[in-house]
Amino acid sequence: MEPAIKYRLIKKEKHTGARLGEIVTPHGTFKTPMFMPVGTQASVKTMAPEDLKEMGAGIILSNTYHLWLRPGEDIVEKAGGLHKFMNWDRGVLTDSGGFQVFSLAKLRDISEEGVAFKSHLNGEKLFLSPEKAIHVENALGADIMMSFDECPPFFESYDYVKKSVERTSRWAERGLIAHQNPATQGLFGIVQGAGFEDLRRQSARDLVGMDFPGYSIGGLSVGESKGEMNRVLDFTTPMLPEDKPRYLMGVGSPDALIDGVIRGVDMFDCVLPTRIARNGTTMTSQGRLVVKNAKYSEDFRPLDPKCDCYVCKNYTRAYIRHLIKADETFGIHLTSYHNLYFLINLMHQVQDAIEQDNLLEFREAFFEEYGYNEN
Ligand SMILES: CCCSCc1cc(N)cc2c(=O)[nH]c(N)nc12
């Protein structure tokens with residue numbers, strides 16, 4: 001049977017672990033490295049599908065936890081799945097819900113069976129198992145699904161992380177068995193192990209042995225320093241097959257994306273661009289620009305003079321500052337659009353640098369202007 005998800009390695013960058021590739025999904029083929037906008041509740045906040053296409057988005061994310069609780073996977077399934085429900089005909093990836101239970105729900109209790117918790121919406125007692133998570137993801141119809149995993153705190157004890165990794169591997173196996181649509185929905189395994197090289201190796205070995213079509217690197221971007229993240233990536237990505245995509249979960253600052261690509265990561269997601277946009281913070285080639293600051297009240301330049309996005313071509317810092325200060329939602333639309341475009345376009349520039357084997361020079365030039373610190 002043809003797998004739902006295929007990866008084609010086009011070129012390895014000469015001086016780093018970076019790769020130029022293509023990920024083939026039932027809803028299109030997309031070049032990597034790529035940034036994937038997050039649409040937690042079946043909407044990338046303030047973005048219409050046409051905006052996302054115009055900025056070059058290929059795959060967007062949604063959340064099993066949120067959509068299970070509201071509106072319910074049965075309603076999305078009746079609508080014909082997430083693509084139909086949200087009028088999006090390109091790629092969709094769903095997370096499996098475990099991470100969101102630990103970051104959102106109250107009173108959680110984890111066991112071999114799964115996670116018992118109280119809904120963050122109404123306090124209802126719920127239970128999420130690997131089988132239930134996969135059932136919901138099947139109903140949502142995502143092109144790429146995540147296995148059900150536990151993301152332990154980065155600084156948790158070795159013994160706890162070891163037990164957690166072993167349970168996450170057993171949960172991954174249960175998810176593979178429960179998966180109903182492998183021909184149309186690709187299921188990725190999620191490598192865990194916090195900052196312990198031997199536990200990352202154990203997790204990778206278990207999951208690679210289950211032959212997933214792609215692998216996520218979990219357990220990072222949870223409060224550790226950038227130096228720690230890069231240290232873990234240095235030994236983790238080489239543990240994964242070259243002919244499968246690698247997705248680093250929850251990572252989205254420009255510097256972290258570039259350093260992740262250099263270490264062999266192909267796919268990224270993060271709520272950062274739309275989250276900071278909501279308080280008027282924008283990403284520019286000169287670093288962050290907080291457009292609601294008074295100093296921009298009569299600044300009639302674009303957010304980023306070097307950016308060719310729709311927002312930077314048509315609107316000024318003064319106008320966007322006014323909208324944000326006046327609580328006009330159009331202002332958040334403009335800052336969100338620009339931030340998402342900035343990261344998607346950054347990955348296009350990185351693809352070119354891989355093509356030309358000058359990714360390290362690109363990194364140096366980018367950080368020279370953007371500003372960068374390791375921690
Ligand atoms: C739509 C959100 C996707 S990424 C969420 C996320 C983010 C981060 N940082 C880590 C993890 C992880 O270890 N496991 C899982 N399932 N998800 C994670």
# chains A, B, ... in the order shown; residues from 1 in each chain; ligands from 1
>>> residues_around(residues="Lys84 in chain A", least_positions_apart="4", cutoff="12 Å", atoms="only C-alpha atoms", output="PyMOL selection string")
chain A and resi 27+42+49+75-80+88-92+140-142
>>> closest_atom_pairs(of="chain A", to="ligand 1", cutoff="10 Å", atoms="only C-alpha atoms and all ligand atoms", output="JSON lines")
{"residue": "A:Met36", "atom": "CA", "partner": "ligand 1", "partner_atom_place_in_ligand_line": "1 (C)", "distance": 9.5}
{"residue": "A:Pro37", "atom": "CA", "partner": "ligand 1", "partner_atom_place_in_ligand_line": "1 (C)", "distance": 8.9}
{"residue": "A:Val38", "atom": "CA", "partner": "ligand 1", "partner_atom_place_in_ligand_line": "1 (C)", "distance": 5.8}
{"residue": "A:Gly39", "atom": "CA", "partner": "ligand 1", "partner_atom_place_in_ligand_line": "1 (C)", "distance": 7.3}
{"residue": "A:Thr40", "atom": "CA", "partner": "ligand 1", "partner_atom_place_in_ligand_line": "1 (C)", "distance": 5.8}
{"residue": "A:Gln41", "atom": "CA", "partner": "ligand 1", "partner_atom_place_in_ligand_line": "1 (C)", "distance": 9.3}
{"residue": "A:Ile60", "atom": "CA", "partner": "ligand 1", "partner_atom_place_in_ligand_line": "1 (C)", "distance": 8.8}
{"residue": "A:Leu61", "atom": "CA", "partner": "ligand 1", "partner_atom_place_in_ligand_line": "1 (C)", "distance": 5.4}
{"residue": "A:Ser62", "atom": "CA", "partner": "ligand 1", "partner_atom_place_in_ligand_line": "1 (C)", "distance": 5.3}
{"residue": "A:Asn63", "atom": "CA", "partner": "ligand 1", "partner_atom_place_in_ligand_line": "1 (C)", "distance": 5.2}
{"residue": "A:Thr64", "atom": "CA", "partner": "ligand 1", "partner_atom_place_in_ligand_line": "1 (C)", "distance": 8.4}
{"residue": "A:Tyr65", "atom": "CA", "partner": "ligand 1", "partner_atom_place_in_ligand_line": "1 (C)", "distance": 9.5}
{"residue": "A:His66", "atom": "CA", "partner": "ligand 1", "partner_atom_place_in_ligand_line": "1 (C)", "distance": 9.8}
{"residue": "A:Leu93", "atom": "CA", "partner": "ligand 1", "partner_atom_place_in_ligand_line": "1 (C)", "distance": 8.0}
{"residue": "A:Thr94", "atom": "CA", "partner": "ligand 1", "partner_atom_place_in_ligand_line": "1 (C)", "distance": 6.5}
{"residue": "A:Asp95", "atom": "CA", "partner": "ligand 1", "partner_atom_place_in_ligand_line": "3 (C)", "distance": 5.2}
{"residue": "A:Ser96", "atom": "CA", "partner": "ligand 1", "partner_atom_place_in_ligand_line": "16 (N)", "distance": 5.6}
{"residue": "A:Gly97", "atom": "CA", "partner": "ligand 1", "partner_atom_place_in_ligand_line": "16 (N)", "distance": 6.4}
{"residue": "A:Gly98", "atom": "CA", "partner": "ligand 1", "partner_atom_place_in_ligand_line": "16 (N)", "distance": 5.9}
{"residue": "A:Phe99", "atom": "CA", "partner": "ligand 1", "partner_atom_place_in_ligand_line": "15 (C)", "distance": 4.8}
{"residue": "A:Gln100", "atom": "CA", "partner": "ligand 1", "partner_atom_place_in_ligand_line": "5 (C)", "distance": 7.2}
{"residue": "A:Val101", "atom": "CA", "partner": "ligand 1", "partner_atom_place_in_ligand_line": "16 (N)", "distance": 9.8}
{"residue": "A:Phe102", "atom": "CA", "partner": "ligand 1", "partner_atom_place_in_ligand_line": "15 (C)", "distance": 9.9}
{"residue": "A:Ser103", "atom": "CA", "partner": "ligand 1", "partner_atom_place_in_ligand_line": "6 (C)", "distance": 9.5}
{"residue": "A:Met145", "atom": "CA", "partner": "ligand 1", "partner_atom_place_in_ligand_line": "16 (N)", "distance": 9.9}
{"residue": "A:Met146", "atom": "CA", "partner": "ligand 1", "partner_atom_place_in_ligand_line": "16 (N)", "distance": 6.6}
{"residue": "A:Ser147", "atom": "CA", "partner": "ligand 1", "partner_atom_place_in_ligand_line": "16 (N)", "distance": 7.2}
{"residue": "A:Phe148", "atom": "CA", "partner": "ligand 1", "partner_atom_place_in_ligand_line": "16 (N)", "distance": 6.6}
{"residue": "A:Asp149", "atom": "CA", "partner": "ligand 1", "partner_atom_place_in_ligand_line": "16 (N)", "distance": 5.8}
{"residue": "A:Glu150", "atom": "CA", "partner": "ligand 1", "partner_atom_place_in_ligand_line": "14 (N)", "distance": 6.5}
{"residue": "A:Cys151", "atom": "CA", "partner": "ligand 1", "partner_atom_place_in_ligand_line": "13 (O)", "distance": 4.2}
{"residue": "A:Pro152", "atom": "CA", "partner": "ligand 1", "partner_atom_place_in_ligand_line": "13 (O)", "distance": 7.6}
{"residue": "A:Pro153", "atom": "CA", "partner": "ligand 1", "partner_atom_place_in_ligand_line": "13 (O)", "distance": 9.4}
{"residue": "A:Phe154", "atom": "CA", "partner": "ligand 1", "partner_atom_place_in_ligand_line": "13 (O)", "distance": 9.9}
{"residue": "A:Gly189", "atom": "CA", "partner": "ligand 1", "partner_atom_place_in_ligand_line": "16 (N)", "distance": 9.5}
{"residue": "A:Ile190", "atom": "CA", "partner": "ligand 1", "partner_atom_place_in_ligand_line": "14 (N)", "distance": 6.7}
{"residue": "A:Val191", "atom": "CA", "partner": "ligand 1", "partner_atom_place_in_ligand_line": "13 (O)", "distance": 7.8}
{"residue": "A:Gln192", "atom": "CA", "partner": "ligand 1", "partner_atom_place_in_ligand_line": "13 (O)", "distance": 6.7}
{"residue": "A:Gly193", "atom": "CA", "partner": "ligand 1", "partner_atom_place_in_ligand_line": "13 (O)", "distance": 9.5}
{"residue": "A:Ala194", "atom": "CA", "partner": "ligand 1", "partner_atom_place_in_ligand_line": "13 (O)", "distance": 9.0}
{"residue": "A:Ser216", "atom": "CA", "partner": "ligand 1", "partner_atom_place_in_ligand_line": "14 (N)", "distance": 8.1}
{"residue": "A:Ile217", "atom": "CA", "partner": "ligand 1", "partner_atom_place_in_ligand_line": "13 (O)", "distance": 7.0}
{"residue": "A:Gly218", "atom": "CA", "partner": "ligand 1", "partner_atom_place_in_ligand_line": "13 (O)", "distance": 3.3}
{"residue": "A:Gly219", "atom": "CA", "partner": "ligand 1", "partner_atom_place_in_ligand_line": "13 (O)", "distance": 3.8}
{"residue": "A:Leu220", "atom": "CA", "partner": "ligand 1", "partner_atom_place_in_ligand_line": "9 (N)", "distance": 5.0}
{"residue": "A:Ser221", "atom": "CA", "partner": "ligand 1", "partner_atom_place_in_ligand_line": "9 (N)", "distance": 4.4}
{"residue": "A:Val222", "atom": "CA", "partner": "ligand 1", "partner_atom_place_in_ligand_line": "9 (N)", "distance": 5.3}
{"residue": "A:Gly223", "atom": "CA", "partner": "ligand 1", "partner_atom_place_in_ligand_line": "9 (N)", "distance": 8.8}
{"residue": "A:Tyr247", "atom": "CA", "partner": "ligand 1", "partner_atom_place_in_ligand_line": "4 (S)", "distance": 9.4}
{"residue": "A:Leu248", "atom": "CA", "partner": "ligand 1", "partner_atom_place_in_ligand_line": "9 (N)", "distance": 8.0}
{"residue": "A:Met249", "atom": "CA", "partner": "ligand 1", "partner_atom_place_in_ligand_line": "4 (S)", "distance": 4.5}
{"residue": "A:Gly250", "atom": "CA", "partner": "ligand 1", "partner_atom_place_in_ligand_line": "7 (C)", "distance": 3.9}
{"residue": "A:Val251", "atom": "CA", "partner": "ligand 1", "partner_atom_place_in_ligand_line": "9 (N)", "distance": 6.7}
{"residue": "A:Gly252", "atom": "CA", "partner": "ligand 1", "partner_atom_place_in_ligand_line": "9 (N)", "distance": 9.9}
{"residue": "A:Phe268", "atom": "CA", "partner": "ligand 1", "partner_atom_place_in_ligand_line": "4 (S)", "distance": 8.6}
{"residue": "A:Asp269", "atom": "CA", "partner": "ligand 1", "partner_atom_place_in_ligand_line": "4 (S)", "distance": 6.4}
{"residue": "A:Cys270", "atom": "CA", "partner": "ligand 1", "partner_atom_place_in_ligand_line": "4 (S)", "distance": 6.8}
{"residue": "A:Val271", "atom": "CA", "partner": "ligand 1", "partner_atom_place_in_ligand_line": "2 (C)", "distance": 7.8}
>>> closest_residue(among="A:Val350, A:Ser285, A:Ile177, A:Tyr337", to="Lys53 in chain A", atoms="only C-alpha atoms")
A:Tyr337
>>> residues_around(residues="range 31-33 of chain A", least_positions_apart="2", cutoff="7 Å", atoms="only C-alpha atoms", output="list of chain:residue names")
A:Leu20, A:Gly21, A:Glu22, A:Ile23, A:Thr29, A:Val261, A:Asp266, A:Met267, A:Met347, A:Gln351
>>> write_last_selection(atoms="N, CA, C and O atoms", output="short mmCIF file (atom, residue, chain, number, x, y, z; two decimals), in the first residue's frame")
data_model
loop_
_atom_site.label_atom_id
_atom_site.label_comp_id
_atom_site.auth_asym_id
_atom_site.auth_seq_id
_atom_site.Cartn_x
_atom_site.Cartn_y
_atom_site.Cartn_z
N LEU A 20 17.48 20.07 1.68
CA LEU A 20 16.40 20.60 0.84
C LEU A 20 15.58 19.38 0.45
O LEU A 20 16.14 18.35 0.04
N GLY A 21 14.24 19.46 0.65
CA GLY A 21 13.44 18.28 0.34
C GLY A 21 12.05 18.66 -0.10
O GLY A 21 11.73 19.84 -0.28
N GLU A 22 11.22 17.60 -0.27
CA GLU A 22 9.81 17.79 -0.59
C GLU A 22 9.01 16.80 0.25
O GLU A 22 9.42 15.64 0.38
N ILE A 23 7.89 17.28 0.81
CA ILE A 23 7.02 16.35 1.52
C ILE A 23 5.75 16.22 0.68
O ILE A 23 5.13 17.21 0.30
N THR A 29 2.16 18.81 -2.55
CA THR A 29 3.58 18.57 -2.29
C THR A 29 4.22 19.90 -1.90
O THR A 29 3.99 20.91 -2.58
N VAL A 261 17.34 24.05 11.18
CA VAL A 261 17.58 23.58 9.80
C VAL A 261 19.02 23.10 9.68
O VAL A 261 19.28 22.02 9.12
N ASP A 266 13.35 19.60 9.20
CA ASP A 266 12.68 19.96 7.94
C ASP A 266 11.39 20.77 8.14
O ASP A 266 10.98 21.52 7.25
N MET A 267 10.72 20.58 9.28
CA MET A 267 9.40 21.18 9.51
C MET A 267 9.35 21.80 10.90
O MET A 267 9.89 21.23 11.86
N MET A 347 12.05 30.64 5.51
CA MET A 347 12.33 29.26 5.10
C MET A 347 12.60 29.21 3.59
O MET A 347 13.43 28.41 3.13
N GLN A 351 15.95 27.75 1.98
CA GLN A 351 15.97 26.75 0.89
C GLN A 351 16.97 27.18 -0.19
O GLN A 351 17.79 26.37 -0.65
#
>>> closest_residue(among="A:Met1, A:Ile262, A:Leu207, A:Ile10", to="Asp243 in chain A", atoms="only C-alpha atoms")
A:Ile10
>>> residues_around(residues="range 277-281 of chain A", least_positions_apart="6", cutoff="7 Å", atoms="only C-alpha atoms", output="number ranges by chain")
A: 288-292, 324, 332, 335-336
>>> select_by_dssp(residues="range 105-186 of chain A", states="strand (DSSP E)", output="number ranges by chain")
A: 106-110, 115-118, 125-128, 144-146, 186
>>> residues_around(residues="Phe117 in chain A", least_positions_apart="3", cutoff="8 Å", atoms="only C-alpha atoms", output="list in words")
Val101, Ala105, Lys106, Leu107, Arg108, Asp109, Lys125, Leu126 and Phe127 of chain A
>>> write_last_selection(atoms="N, CA and C atoms", output="PDB file, in the first residue's frame")
ATOM      1  N   VAL A 101      -3.167  18.588  26.972  1.00  0.00           N
ATOM      2  CA  VAL A 101      -3.740  18.211  28.279  1.00  0.00           C
ATOM      3  C   VAL A 101      -2.827  18.731  29.380  1.00  0.00           C
ATOM      4  N   ALA A 105      -5.163  21.552  30.691  1.00  0.00           N
ATOM      5  CA  ALA A 105      -6.224  20.979  31.543  1.00  0.00           C
ATOM      6  C   ALA A 105      -5.812  20.993  33.019  1.00  0.00           C
ATOM      7  N   LYS A 106      -6.840  20.848  33.863  1.00  0.00           N
ATOM      8  CA  LYS A 106      -6.570  20.817  35.311  1.00  0.00           C
ATOM      9  C   LYS A 106      -6.596  19.369  35.790  1.00  0.00           C
ATOM     10  N   LEU A 107      -5.967  19.151  36.955  1.00  0.00           N
ATOM     11  CA  LEU A 107      -6.088  17.860  37.645  1.00  0.00           C
ATOM     12  C   LEU A 107      -5.863  16.684  36.700  1.00  0.00           C
ATOM     13  N   ARG A 108      -4.631  16.572  36.203  1.00  0.00           N
ATOM     14  CA  ARG A 108      -4.376  15.443  35.296  1.00  0.00           C
ATOM     15  C   ARG A 108      -3.867  14.251  36.090  1.00  0.00           C
ATOM     16  N   ASP A 109      -4.184  13.036  35.550  1.00  0.00           N
ATOM     17  CA  ASP A 109      -3.632  11.828  36.172  1.00  0.00           C
ATOM     18  C   ASP A 109      -3.188  10.899  35.058  1.00  0.00           C
ATOM     19  N   LYS A 125     -14.999  15.747  33.524  1.00  0.00           N
ATOM     20  CA  LYS A 125     -13.956  14.714  33.639  1.00  0.00           C
ATOM     21  C   LYS A 125     -13.834  13.967  32.310  1.00  0.00           C
ATOM     22  N   LEU A 126     -12.596  13.914  31.787  1.00  0.00           N
ATOM     23  CA  LEU A 126     -12.384  13.276  30.484  1.00  0.00           C
ATOM     24  C   LEU A 126     -11.191  12.338  30.554  1.00  0.00           C
ATOM     25  N   PHE A 127     -11.074  11.476  29.552  1.00  0.00           N
ATOM     26  CA  PHE A 127      -9.941  10.545  29.507  1.00  0.00           C
ATOM     27  C   PHE A 127      -9.442  10.446  28.076  1.00  0.00           C
TER      28      PHE A 127
END
